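S.K.: Submitted below is the structure of interest, expressed as structure tokens.
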Amino acid sequence: MSRYNAAEIEARWQDAWETAGLFRAERKEGKPKYYVLEMFPYPSGKLHMGHVRNYTMGDVIARYKIATGHNVLHPMGFDAFGMPAENAAMAIGGHPKTWTYNNIDDMVEQMKPLGLSLDWDRMFATCDPEYYGQQQALFLDFLDKGLVYRKNAVVNWDPVDMTVLANEQVEGGRGWRSGAVVERKELTQWFFKISDMADELLGALDGLDNWPAKVKLMQANWIGKSRGLQFAFERVDGGEPITVYTTRPDTLNGASFVGISPDHPIAKAMEGDAAVDAFLAEARKGGTTEEAIETAEKLGFDTGIKVKHPLTGEELPVWIANFILMDYGTGAIFGCPAHDQRDLDFCRKYDLPVIDTFFALDDDTPVGKVAFVPAKSEKVRWVSHFAGLDVATGEEAINATIDFMEAKGLGEGVTKFRLRDWGLSRQRYWGCPIPVVHCEACGVVPEKKENLPVVLPDDVTFDVPGNPLDRHPTWRDVPCPSCGKAAKRETDTMDTFVDSSWYFARFTAPRAATPTNAAEADYWMNVDQYIGGVEHAILHLLYARFFARAMHICGHLPESAKEPFDALFTQGMVTHAIYKTEGADGRPVYHYPEEVTLKDGKAVLDDGRAVEVIPSAKMSKSKNNVVNPLHIIESYGADTARWFVLSDSPPERDVEWTASGAEAAHKHLGRVYRIASEIDAQAQGSEADDTALLREMHKAIHDVTMGVESFGFNAAIAKLYGFTTTLAKSNAGGAAKREAARTLAQLMCPMTPHLAEAVWEKLGGEGLCALAPWPVADAAMLVDDEVVMPIQINGKRRAEISVPKDMDKAEVEKIALAHHAVQKVLDGATPKKVIVVPGRIVNVVA
RNA sequence: GCCCAAGUGGCGGAAUGGUAGACGCAGGGGAUUCAAAAUCCCCCGCCGCGAGGCGUGCCGGUUCGAGUCCGGCCUUGGGUACCA
């Protein structure tokens, strides 16, 4: 008897696939193509369980599609620009480029043993000049089509280090290195005009039938289409009227102040006045995140300016308020405290009036500390509505108000979107250089395409804060591409989201001399199945959808690829506890799980120091709470790791990584190997036993196929456990058992491809298991002749009966009512109602 | 704050509105063995001696029937536009 030796089997079959060139993708006519893609990794250097889970899922799909006769493209690359490389350079010295490419090499080494069906020939990293040079070409094309422009926008500014900080580098409103209170500062930056496509991006969500509803909902809310009223308040002092936008114009009678953003032109015009400057400085403290702004203490400053209410003529004060965003609407609002909690808090704080404009139908208590904000679809009673409404829903009132204001020529109904343009400028080194030159004479001049790629210089240091490109004269100072006079290169680089917004298209022709190749893109696009973490539900996926449209406009993708991902699956995250201690400088130090041991329920380091355990959270490189899957592969083999990550949890759910279970997975694979090895081909079995086994085989084919197609991998694996047990216990003959075991190998092949090949070969399967046509379930074999039907009495299960599967309802009802448990409860009475669901259940209502 | 999810035994989880707990882990018992490893078999939600009762985060609703649908909460997680 031979034993299951994973290391030997896996090396052998990986060689066999490599030799056969099984996963090299080429355009082929006559076979349907299938493009499966997992979100490519950031090269942190350590493969973690989340990666294994993600790529194994993609691999199951890819291998299943190969077995069902598809020409499959399954590529892999690296999202290689970004902050961690610069952080590493600052922390441990060295160069981001060296660090990144070393990590890529390490990760490829860690991925290859998994036996993934990847076309490694197509691999690239976004920090390859060949890739980002094409990205620069795309940028120039977008510029040409008016899809990119410059404007001012705020960034997190560290006033001590004098650098821009990423949101992640702001901790509790302070810079992570300097500890200084962060300020919001305006800079001129590049933007993609994604807002022009807001309506289209929203509308097209409807067509994405194979996307999770929750992702579409999140994107729809993010784009945030709303219809509201735009109108102007006349200033009492005769100055420029203040235009406001509101989605609740029906509450106009409840207005008690006009609020403007600290970045509003009126606020800016008041700069210079000491009190105003002091307030603006205060209002600009803190980070730029929506969360920071929304949860910050509400601050206001009375400008002294008065405006006239357009309907009542009443005078309202104009306040600068820190919670009003210049980016949304017009940067000015009217405050209606009775029906908006934020406005109410503000008015209570600054002692402004609160005016109820409507009440609940059955309650007319004036607003106190809690604003009355009913759903727009709810009917309310109006105190006095200028359009003459009494009882009406918010929606009706909004429409009536817009009509009323339009008729009077006081304002107009306007549709606005929450979605803002995508700021792509980053004041950092390790990113794709923005290919433009700033010339005093010519202004902003695009770099010539023949000069691309604009390559990052290698001779940079990270010993002082700030962007090294800013202080690199030989790279920065260049002649103007237009007039030839001395000029300066743009030293900002692109957001790394740009890199990941078109890599899927580049995979179709990764070495092309243009961003894409039309024939290849036509053939391979779209991505048939995209798989990745749900944390990318909004930004990455929205940006990629925008990019596909923009690339189509510039002729780089066909019309049909405007929605680049036909089907999307968002897997849950792999979470793990975070282990934290404090460094000598008081900053937190995060430890890898393998550095920590649990002793008497307490976590300690090797040197005995106690570690603070923070509850499970997304595995993250900045928190070091990642688990190295390599030791599972080393001790049990890749198939065990693959089987294990698929078996334990539904793929869309978060999974907390634990060590137990890998052992069990390995045992099971050994069992399959042994069962297959021990089948006696000559053994005779009864026809009944053969049929029983083959019936179970067809049920397994059916259930596993359904499971694979619907991402129910854990359920498919549970079925395979059951089928393995059935096979082990079966008294069927050798021929039937060999057929069943070969089918088992095929069904397991997407998940445990190496073991499947070994078993397949042992049982005389023809060629490679990976290429064997996927088995098809025989519908006739799926139904049993007898079914067990539970009997409920008043919805509670009391008994069960076994009846032929197609017995008619009346007959079933008769047998059920005759059952002694039913007789006992009925006690001679007639039941009120009997419900028979054929093949399912009987419910007697007594 | 706002948007989106999730919550079922000791644990991971299963369940087209139709027998709640499939399958696996852990645990308990047994077989095999000189012994062990490996393997195989049985038990395993809670309360109760039992009959039986109670059970899918909490409260309410729809239904012959709710883990599943609806309303309201609670908790946890993700996103919140410069982490990727």
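Ordered as shown in the structure tokens, chains take letters A, B, and onward, while each chain numbers its residues from 1 and ligands are numbered from 1 in the order shown.
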If we count only C-alpha atoms (C1' of nucleotides), which residues of chain A reach to within 6 Å of chain B? Please list them as a list in words.
M.R.: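 Here they are: Ala166, Asn167, Glu168, Met218, Glu294, Thr295, Glu535, Asp648, Ala718, Pro790, Gly795 and Ile841 of chain A.
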S.K.: Quick one: residues within 9 Å of G17 in chain B, only C-alpha atoms (C1' of nucleotides), excluding same-chain residues fewer than 3 positions away - as a PyMOL selection string?
M.R.: chain B and resi 63+65-66+68-69
S.K.: Report as a VMD selection string: the residues of range 713-824 of chain A with a DSSP assignment of helix (DSSP H, G or I), based on the backbone of this structure.
M.R.: chain A and resid 713 to 729 734 to 748 753 to 762 769 to 771 779 to 781 809 to 818 820 to 824
S.K.: Out of range 26-102 of chain A, which residues get strand (DSSP E or B) from DSSP, as number ranges by chain?
M.R.: A: 33-38, 71-73, 78
S.K.: Distance CA of Gly93 in chain A-CA of Ser425 in chain A, one decimal place?
M.R.: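 Between CA of Gly93 in chain A and CA of Ser425 in chain A the gap is 25.3 Å.
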S.K.: One number please: CA of Ala732 in chain A to CA of Asp690 in chain A, in Å, one decimal.
M.R.: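 One can read the CA of Ala732 in chain A to CA of Asp690 in chain A distance as 4.6 Å.
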S.K.: Neighbours of U56 in chain B within 9 Å (only C-alpha atoms (C1' of nucleotides); same-chain residues fewer than 5 positions away dropped), as a ChimeraX atom specification?
M.R.: /B:8,20,67
S.K.: Compile the contact shell of range 431-445 of chain A as a PyMOL selection string: residues with an atom at most 9 Å away, counting only C-alpha atoms (C1' of nucleotides), same-chain residues fewer than 6 positions apart removed.
M.R.: chain A and resi 80-83+126-127+129+132-133+135-137+139-140+425+452-456+478-483+485-496+498-499
S.K.: My list of candidates is B:A51, B:C73, B:C44, B:C59. Which is closest to G27 in chain B when distances are computed with only C-alpha atoms (C1' of nucleotides)?
M.R.: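 Ranked by minimum distance to G27 in chain B, first place goes to B:C44.
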S.K.: Extract, using only C-alpha atoms (C1' of nucleotides), all DNA, RNA and protein residues at most 8 Å from range 829-834 of chain A, discarding same-chain residues fewer than 4 positions from it, and format them as a ChimeraX atom specification.
M.R.: /A:813,842-846 /B:64
S.K.: Compile the contact shell of Ala688 in chain A as a PDB file with C-alpha atoms, in the first residue's frame: residues with an atom at most 12 Å away, counting only C-alpha atoms (C1' of nucleotides), same-chain residues fewer than 4 positions apart removed.
M.R.:
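Below is the file part_32.pdb, written as the result:
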ATOM      1  CA  GLN A 684     -17.765  -8.179  -7.854  1.00  0.00           C
ATOM      2  CA  ALA A 692     -26.578   2.920  -4.937  1.00  0.00           C
ATOM      3  CA  LEU A 693     -22.962   4.062  -5.309  1.00  0.00           C
ATOM      4  CA  LEU A 694     -23.511   5.519  -8.761  1.00  0.00           C
ATOM      5  CA  ARG A 695     -26.615   7.349  -7.556  1.00  0.00           C
ATOM      6  CA  SER A 730     -19.741   0.836  -0.415  1.00  0.00           C
ATOM      7  CA  ASN A 731     -19.940  -2.857  -1.260  1.00  0.00           C
ATOM      8  CA  ALA A 732     -20.137  -2.093  -4.970  1.00  0.00           C
ATOM      9  CA  GLY A 733     -17.970  -3.947  -7.461  1.00  0.00           C
ATOM     10  CA  ALA A 736     -18.302   0.867 -10.185  1.00  0.00           C
TER      11      ALA A 736
END
S.K.: Could you tell me how far CA of Leu311 in chain A sits from CA of Ala392 in chain A, in Å to one decimal place?
M.R.: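 According to the coordinates, CA of Ala392 in chain A and CA of Leu311 in chain A are separated by 20.5 Å.
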S.K.: Which residues are close to Gly368 in chain A, i.e. within 9 Å by only C-alpha atoms (C1' of nucleotides), leaving aside same-chain residues fewer than 3 positions away? Reply as JSON, numbers by chain.
M.R.: {"A": [338, 344, 354, 365, 371]}
S.K.: Can I get the selected residues back with N, CA and C atoms, as a PDB file, in the first residue's frame?
M.R.:
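New file out20.pdb:
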ATOM      1  N   ALA A 338     -34.781  72.238  12.973  1.00  0.00           N
ATOM      2  CA  ALA A 338     -35.865  71.361  13.437  1.00  0.00           C
ATOM      3  C   ALA A 338     -35.817  70.006  12.741  1.00  0.00           C
ATOM      4  N   LEU A 344     -29.348  71.279  14.114  1.00  0.00           N
ATOM      5  CA  LEU A 344     -29.937  71.483  15.439  1.00  0.00           C
ATOM      6  C   LEU A 344     -28.826  71.643  16.488  1.00  0.00           C
ATOM      7  N   VAL A 354     -35.017  77.751  16.536  1.00  0.00           N
ATOM      8  CA  VAL A 354     -35.411  76.455  15.971  1.00  0.00           C
ATOM      9  C   VAL A 354     -36.886  76.550  15.612  1.00  0.00           C
ATOM     10  N   THR A 365     -45.346  67.700  19.398  1.00  0.00           N
ATOM     11  CA  THR A 365     -44.368  68.205  20.353  1.00  0.00           C
ATOM     12  C   THR A 365     -43.277  68.959  19.594  1.00  0.00           C
ATOM     13  N   ALA A 371     -33.712  66.262  16.486  1.00  0.00           N
ATOM     14  CA  ALA A 371     -34.383  66.780  15.297  1.00  0.00           C
ATOM     15  C   ALA A 371     -35.429  65.777  14.830  1.00  0.00           C
TER      16      ALA A 371
END
S.K.: Given only C-alpha atoms as the basis, pick out the residue of A:Ser710, A:Thr100, A:Thr752, A:Ser649 nearest to Gly572 in chain A.
M.R.: A:Ser649
S.K.: Ranking A:Leu280, A:Ala321, A:Leu747, A:Val373 by minimum distance to Tyr350 in chain A and counting only C-alpha atoms, which one comes first?
M.R.: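 Of A:Leu280, A:Ala321, A:Leu747, A:Val373, the one nearest Tyr350 in chain A is A:Ala321, counting only C-alpha atoms.
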S.K.: Using only C-alpha atoms (C1' of nucleotides), pick whichever of B:A31, B:G21, B:C42, B:A37 has the shortest atom-to-atom distance to G55 in chain B.
M.R.: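 Using only C-alpha atoms (C1' of nucleotides), G55 in chain B sits closest to B:G21.
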